[in-house]
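Everything below belongs to work_39.txt, which stores compact mmCIF, C-alpha atoms.
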# COMPACT_ATOMS: atom_id res chain seq x y z
CA MET A 1 90.86 107.27 202.79
CA SER A 2 89.27 104.51 200.70
CA LEU A 3 86.62 105.33 198.12
CA GLU A 4 83.02 105.01 199.31
CA PRO A 5 80.64 102.65 197.49
CA GLY A 6 78.46 104.42 194.93
CA LEU A 7 78.19 105.87 191.45
CA TYR A 8 80.86 108.36 190.36
CA LEU A 9 80.25 110.71 187.42
CA VAL A 10 83.76 111.56 186.28
CA ALA A 11 84.54 114.39 183.85
CA THR A 12 87.39 113.67 181.45
CA PRO A 13 89.43 116.03 179.22
CA ILE A 14 87.74 117.43 176.10
CA GLY A 15 91.10 117.75 174.37
CA ASN A 16 94.06 118.69 176.53
CA LEU A 17 94.94 115.76 178.78
CA GLU A 18 96.26 118.17 181.42
CA ASP A 19 92.65 119.10 182.18
CA ILE A 20 92.10 115.86 184.09
CA THR A 21 91.77 116.53 187.82
CA LEU A 22 93.73 114.84 190.58
CA ARG A 23 90.47 113.63 192.10
CA ALA A 24 89.33 112.15 188.78
CA LEU A 25 92.57 110.19 188.49
CA ARG A 26 92.22 108.84 192.03
CA VAL A 27 88.59 107.83 191.47
CA LEU A 28 89.34 106.10 188.18
CA LYS A 29 92.14 104.15 189.84
CA GLU A 30 90.13 103.09 192.89
CA VAL A 31 86.69 102.22 191.52
CA ASP A 32 85.83 98.61 190.78
CA ARG A 33 84.99 99.30 187.16
CA ILE A 34 84.50 102.13 184.69
CA ALA A 35 81.41 102.37 182.48
CA CYS A 36 82.47 104.02 179.21
CA GLU A 37 80.64 105.52 176.26
CA ASP A 38 83.41 103.99 174.12
CA THR A 39 85.83 101.62 175.85
CA ARG A 40 88.45 102.11 173.12
CA GLN A 41 88.44 105.87 173.55
CA THR A 42 88.60 105.67 177.33
CA GLN A 43 91.37 103.08 177.22
CA LYS A 44 93.65 105.62 175.55
CA LEU A 45 93.15 107.93 178.53
CA LEU A 46 93.63 105.13 181.06
CA ASN A 47 96.80 103.93 179.34
CA HIS A 48 98.23 107.45 179.36
CA PHE A 49 97.82 107.67 183.12
CA ALA A 50 98.71 104.00 183.79
CA ILE A 51 95.25 103.11 185.13
CA SER A 52 94.33 99.43 184.94
CA THR A 53 90.73 99.49 186.21
CA PRO A 54 88.40 97.16 184.22
CA THR A 55 86.03 98.88 181.79
CA VAL A 56 82.59 98.05 180.45
CA SER A 57 80.67 99.68 177.61
CA TYR A 58 77.77 101.98 178.46
CA HIS A 59 76.26 103.86 175.52
CA GLU A 60 72.91 104.84 174.00
CA HIS A 61 72.41 101.43 172.39
CA ASN A 62 72.82 99.35 175.57
CA GLU A 63 71.88 101.93 178.19
CA GLN A 64 68.74 100.16 179.41
CA SER A 65 70.17 96.67 179.81
CA ARG A 66 73.49 97.87 181.18
CA THR A 67 71.77 100.10 183.72
CA LEU A 68 70.11 97.05 185.27
CA GLU A 69 73.47 95.24 185.52
CA LEU A 70 75.27 98.21 187.03
CA ILE A 71 72.52 98.99 189.54
CA ALA A 72 72.65 95.40 190.76
CA LEU A 73 76.40 95.76 191.36
CA LEU A 74 75.97 99.14 193.04
CA GLN A 75 73.36 97.71 195.40
CA GLN A 76 75.92 95.07 196.38
CA GLY A 77 78.36 97.81 197.40
CA SER A 78 80.38 98.30 194.23
CA ARG A 79 82.11 101.53 193.27
CA ILE A 80 81.44 102.37 189.62
CA ALA A 81 82.60 105.36 187.59
CA VAL A 82 80.81 106.63 184.48
CA VAL A 83 82.73 108.51 181.79
CA SER A 84 81.86 109.78 178.33
CA ASP A 85 84.28 110.04 175.43
CA ALA A 86 85.15 113.58 176.54
CA GLY A 87 83.81 116.08 179.04
CA THR A 88 81.14 115.60 181.66
CA PRO A 89 78.95 112.47 181.46
CA VAL A 90 75.14 112.80 181.41
CA PHE A 91 75.58 116.25 179.79
CA SER A 92 74.33 115.43 176.24
CA ASP A 93 75.98 112.03 176.80
CA PRO A 94 74.80 108.68 178.22
CA GLY A 95 74.29 108.32 181.97
CA LEU A 96 70.97 109.89 182.90
CA ASP A 97 69.12 106.56 183.06
CA LEU A 98 71.77 105.18 185.39
CA VAL A 99 71.73 108.26 187.62
CA ARG A 100 67.95 108.14 187.93
CA ALA A 101 68.03 104.42 188.70
CA ALA A 102 70.74 104.94 191.32
CA VAL A 103 68.78 107.75 193.00
CA ALA A 104 65.63 105.61 193.02
CA ALA A 105 67.57 102.70 194.52
CA GLY A 106 69.11 104.86 197.24
CA VAL A 107 72.63 104.48 195.82
CA PRO A 108 74.93 107.48 196.50
CA VAL A 109 75.80 109.49 193.38
CA PHE A 110 79.04 111.51 193.44
CA PRO A 111 79.83 114.17 190.81
CA VAL A 112 83.53 114.51 190.02
CA PRO A 113 83.59 117.84 188.12
CA GLY A 114 86.01 118.84 185.43
CA ALA A 115 86.11 119.75 181.75
CA ASN A 116 82.89 120.72 179.96
CA ALA A 117 82.79 122.14 176.44
CA ALA A 118 79.63 124.20 176.90
CA LEU A 119 80.88 126.06 179.97
CA ALA A 120 84.40 126.46 178.57
CA ALA A 121 82.97 128.11 175.45
CA LEU A 122 80.55 130.27 177.43
CA VAL A 123 83.07 131.81 179.80
CA ALA A 124 85.43 132.72 176.94
CA SER A 125 82.73 133.87 174.53
CA GLY A 126 82.33 137.42 175.74
CA LEU A 127 78.54 136.96 175.83
CA ASP A 128 76.40 137.27 178.95
CA THR A 129 77.05 134.46 181.43
CA ALA A 130 74.48 135.55 184.05
CA CYS A 131 71.50 134.18 182.13
CA PHE A 132 72.08 131.38 179.67
CA LEU A 133 70.25 128.35 178.35
CA TYR A 134 72.02 125.12 177.49
CA VAL A 135 70.27 123.56 174.50
CA GLY A 136 72.62 120.74 173.51
CA PHE A 137 72.26 119.32 170.01
CA LEU A 138 69.58 120.63 167.68
CA ALA A 139 67.65 118.34 165.37
CA ALA A 140 69.66 117.18 162.35
CA LYS A 141 66.80 117.60 159.86
CA PRO A 142 66.55 121.17 158.47
CA GLY A 143 62.82 121.67 159.06
CA ALA A 144 62.90 120.40 162.64
CA ARG A 145 66.04 122.42 163.40
CA ARG A 146 64.45 125.63 162.11
CA THR A 147 61.35 124.97 164.21
CA GLU A 148 63.47 124.46 167.34
CA LEU A 149 65.27 127.75 166.76
CA GLU A 150 61.98 129.58 166.20
CA THR A 151 60.66 128.15 169.47
CA LEU A 152 63.82 129.27 171.27
CA ALA A 153 63.47 132.76 169.80
CA ALA A 154 59.96 133.00 171.20
CA ARG A 155 60.83 131.64 174.65
CA ALA A 156 64.47 132.47 175.38
CA SER A 157 64.65 136.18 174.63
CA GLY A 158 67.43 137.87 176.59
CA LEU A 159 69.43 134.69 177.18
CA THR A 160 72.70 133.41 175.80
CA LEU A 161 71.94 130.14 174.03
CA VAL A 162 74.59 127.43 174.15
CA LEU A 163 74.37 124.67 171.54
CA TYR A 164 76.48 121.83 170.21
CA GLU A 165 76.75 121.41 166.44
CA ALA A 166 78.54 119.11 164.02
CA PRO A 167 81.07 120.71 161.63
CA HIS A 168 79.22 119.51 158.51
CA ARG A 169 75.99 121.21 159.68
CA ILE A 170 77.32 124.45 161.15
CA LEU A 171 76.83 126.56 158.00
CA GLU A 172 73.21 125.41 157.64
CA THR A 173 72.56 126.12 161.31
CA LEU A 174 74.07 129.60 161.07
CA ALA A 175 71.85 130.27 158.06
CA ASP A 176 68.83 129.24 160.15
CA VAL A 177 69.98 131.47 163.03
CA GLU A 178 70.24 134.38 160.60
CA ALA A 179 66.77 133.67 159.21
CA VAL A 180 65.22 133.52 162.67
CA TRP A 181 67.03 136.38 164.47
CA GLY A 182 68.33 138.48 161.59
CA GLU A 183 71.83 139.06 160.25
CA GLN A 184 72.79 141.40 163.11
CA VAL A 185 72.47 138.87 165.93
CA ARG A 186 75.78 138.18 167.66
CA VAL A 187 77.11 134.64 167.73
CA VAL A 188 80.26 132.85 168.79
CA VAL A 189 81.57 129.66 167.19
CA ALA A 190 83.98 127.90 169.55
CA ARG A 191 85.88 125.13 167.79
CA GLU A 192 88.32 122.46 168.98
CA LEU A 193 88.29 123.69 172.58
CA THR A 194 91.49 123.03 174.60
CA LYS A 195 93.09 121.38 171.55
CA LEU A 196 95.99 122.52 169.40
CA HIS A 197 93.78 124.35 166.89
CA GLU A 198 91.37 125.94 169.38
CA GLU A 199 89.49 128.82 167.78
CA PHE A 200 86.83 131.40 168.65
CA LEU A 201 84.95 133.19 165.88
CA ARG A 202 82.99 136.12 167.30
CA GLY A 203 80.73 138.58 165.52
CA LYS A 204 77.43 139.07 163.72
CA VAL A 205 76.01 135.84 162.39
CA ALA A 206 76.34 136.91 158.74
CA GLU A 207 80.03 137.73 159.25
CA VAL A 208 80.81 134.46 161.03
CA ARG A 209 78.96 132.42 158.43
CA LEU A 210 80.82 134.16 155.61
CA ALA A 211 84.18 133.52 157.29
CA LEU A 212 83.45 129.82 157.73
CA SER A 213 81.97 129.35 154.26
CA ALA A 214 85.25 130.60 152.73
CA ARG A 215 87.08 127.59 154.17
CA GLU A 216 87.70 124.48 152.14
CA ARG A 217 86.67 122.32 155.09
CA ILE A 218 85.37 122.88 158.62
CA ARG A 219 86.67 120.45 161.22
CA GLY A 220 86.38 119.71 164.91
CA GLU A 221 83.82 119.73 167.68
CA ILE A 222 81.81 122.98 167.77
CA VAL A 223 79.96 124.93 170.44
CA LEU A 224 77.66 127.61 169.03
CA LEU A 225 76.54 130.50 171.24
CA ILE A 226 73.77 132.92 170.29
CA GLU A 227 73.01 136.25 171.95
CA ALA A 228 69.22 135.97 171.87
CA THR A 229 68.60 139.57 172.94
CA PRO A 230 65.08 141.03 173.22
CA SER A 231 65.74 143.17 170.15
CA ALA A 232 66.71 140.13 168.10
CA GLN A 233 63.24 138.76 167.47
CA PRO A 234 61.95 136.74 164.52
CA ALA A 235 60.71 138.89 161.67
CA ASN A 236 57.10 137.78 162.19
CA ALA A 237 57.09 138.25 165.99
CA GLY A 238 54.54 141.08 165.79
CA ALA A 239 52.33 139.44 163.19
CA SER A 240 48.81 138.30 163.94
CA ILE A 241 48.04 134.59 163.92
CA VAL A 242 46.15 135.02 160.63
CA GLN A 243 49.22 136.65 159.09
CA GLN A 244 51.59 134.01 160.45
CA VAL A 245 49.46 131.12 159.23
CA SER A 246 48.99 132.70 155.80
CA GLN A 247 52.71 133.40 155.49
CA LEU A 248 53.68 129.82 156.35
CA MET A 249 51.14 128.43 153.88
CA GLU A 250 52.39 130.73 151.10
CA THR A 251 56.16 130.65 151.67
CA GLU A 252 56.67 127.10 152.92
CA GLY A 253 53.74 125.31 151.30
CA LEU A 254 52.30 124.08 154.61
CA ASP A 255 48.64 123.21 154.93
CA GLU A 256 46.62 125.05 157.57
CA LYS A 257 46.94 122.22 160.12
CA ASP A 258 50.76 122.16 159.97
CA ALA A 259 50.92 125.95 159.92
CA LEU A 260 48.84 126.06 163.10
CA LYS A 261 51.20 123.57 164.77
CA ARG A 262 54.21 125.73 163.85
CA VAL A 263 52.61 128.93 165.15
CA ALA A 264 51.65 127.17 168.39
CA ARG A 265 55.24 126.03 168.93
CA GLU A 266 56.62 129.49 168.18
CA ARG A 267 54.23 131.17 170.61
CA GLY A 268 54.54 128.50 173.29
CA VAL A 269 50.82 127.80 173.46
CA SER A 270 48.52 124.89 172.57
CA LYS A 271 47.33 124.27 169.02
CA SER A 272 43.68 124.54 170.15
CA GLU A 273 44.37 127.97 171.64
CA VAL A 274 45.94 129.14 168.38
CA TYR A 275 42.97 127.75 166.40
CA ARG A 276 40.43 129.60 168.59
CA GLU A 277 42.37 132.84 168.21
CA LEU A 278 42.62 132.31 164.46
CA GLN A 279 38.83 131.94 164.22
CA ARG A 280 38.32 134.99 166.44
CA GLN A 281 40.61 137.14 164.27
CA ARG A 282 38.95 135.94 161.08
CA SER A 283 35.49 136.70 162.43
CA LYS A 284 36.49 140.35 162.96
CA LYS A 285 37.25 140.84 159.30

Rewrite the coordinates I just gave you, this time as structure tokens.
Amino acid sequence: MSLEPGLYLVATPIGNLEDITLRALRVLKEVDRIACEDTRQTQKLLNHFAISTPTVSYHEHNEQSRTLELIALLQQGSRIAVVSDAGTPVFSDPGLDLVRAAVAAGVPVFPVPGANAALAALVASGLDTACFLYVGFLAAKPGARRTELETLAARASGLTLVLYEAPHRILETLADVEAVWGEQVRVVVARELTKLHEEFLRGKVAEVRLALSARERIRGEIVLLIEATPSAQPANAGASIVQQVSQLMETEGLDEKDALKRVARERGVSKSEVYRELQRQRSKK
């Protein structure tokens, strides 16, 4: 049966080439072209499986302009596959703009499932898989990253958090996790999934951070999982707004305006609501 016209989202291996599916191979062979996050990276995969389908680049820097080109082809009846460098496209990788444009244009969108680092790490982590939250990449800057984790602690209690992190930032991120949830919170660092040096480090965050810090170098793609249990709350979770604002101004040198913004993010409410409550609490003193 010939391949129908439309947009195909094709998952590719995250390490082990044997994780490619038979359907993915057929789709990649039969589509008219393949839109790749990195054509050089994808070409290695295509060469390995003797696939000669033409490729075109599709990444964060040309996503808007390329989307217009690809939608025009799809509307003419083309069959186009989208792949990322590894894993499932659109999932913390380029492709969402194209999917949205295809849906809006009435173009069929076909998922071709396969390898995904977040789910692979989750199912082997030993943490709860019934309720989890995929976060993707945190902010690279320390202050913004800490704020994101504090917001997650306030909103995602009881969930397993699934994050991606770069090897050169993992120790800093684990330190932030420890500061937000405490040294007893359980984490899992899944590294180099499906590759030769696949590794899972499981335990309390302080233990895992100590084990990694003893290494001369940390390498490979990393998935970080955090057991954000109800008991693992930030140290200031029970503090009043006055106490929180004062603590942020004293310990982090924030002015009152920035401290109010931080407290609002942590509590998941508006800044104006936090300000009104701050004034109310102060008036009682």

Quick one, how far is atom CA of Lys44 of chain A from atom CA of Leu7 of chain A? 22.2 Å

Residue with the minimum atom-to-atom distance to Ala166 of chain A, picked from A:Met1, A:Ala140, A:Val208, A:Ala117 with only C-alpha atoms counted, is A:Ala140

I'd like the contact shell of segment 202-206 of chain A - 7 Å cut-off, all atoms listed in the file, skipping same-chain residues fewer than 2 positions apart - returned as a list of chain:residue names.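 The neighbour list is A:Leu174, A:Glu178, A:Glu183, A:Gln184, A:Val185, A:Arg186, A:Val187, A:Val188, A:Val189, A:Phe200, A:Val208, A:Arg209, A:Leu210.
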
Atom CA of Asp255 of chain A and atom CA of Lys284 of chain A are how many Å apart?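 It comes out at 22.5 Å.
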
Each segment 33-100 of chain A residue no farther than 10 Å from segment 16-26 of chain A, nearest pair in Å, all atoms listed in the file, as JSON lines:
{"residue": "A:Leu45", "atom": "CA", "partner": "A:Leu17", "partner_atom": "CA", "distance": 8.0}
{"residue": "A:Leu46", "atom": "CA", "partner": "A:Leu25", "partner_atom": "CA", "distance": 9.1}
{"residue": "A:His48", "atom": "CA", "partner": "A:Leu17", "partner_atom": "CA", "distance": 9.0}
{"residue": "A:Phe49", "atom": "CA", "partner": "A:Leu25", "partner_atom": "CA", "distance": 7.9}
{"residue": "A:Ala50", "atom": "CA", "partner": "A:Leu25", "partner_atom": "CA", "distance": 9.9}
{"residue": "A:Ile51", "atom": "CA", "partner": "A:Leu25", "partner_atom": "CA", "distance": 8.3}
{"residue": "A:Ala81", "atom": "CA", "partner": "A:Ala24", "partner_atom": "CA", "distance": 9.6}
{"residue": "A:Gly87", "atom": "CA", "partner": "A:Ile20", "partner_atom": "CA", "distance": 9.7}

Spatial neighbours of segment 217-232 of chain A, 6 Å, only C-alpha atoms, chain gap at least 6 places, as a list in words: Ser157, Gly158, Leu159, Thr160, Leu161, Val162, Leu163, Tyr164, Glu165, Pro167, Trp181, Arg186, Val187, Val188, Val189, Ala190, Arg191 and Glu192 of chain A

Edge lengths and centre, in Å to one decimal, as JSON: that's what I need for the box along x, y and z that holds all listed atoms of segment 127-132 of chain A plus 4 Å on each side.
{"center_x": 75.0, "center_y": 134.3, "center_z": 179.9, "size_x": 15.0, "size_y": 13.9, "size_z": 16.2}

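Using only C-alpha atoms, the smallest distance between any of A:Val245, A:Leu70, A:Phe110, A:Arg262 and Ala154 of chain A comes from A:Arg262.
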
Among A:Gly143, A:Arg282, A:Ile80, A:Glu199, Glu172 of chain A is approached most closely, using all atoms listed in the file, by A:Gly143

Using all atoms listed in the file: which of A:Gly126, A:Lys141, A:Ser65, A:Tyr8 has the shortest distance to Val83 of chain A: A:Tyr8
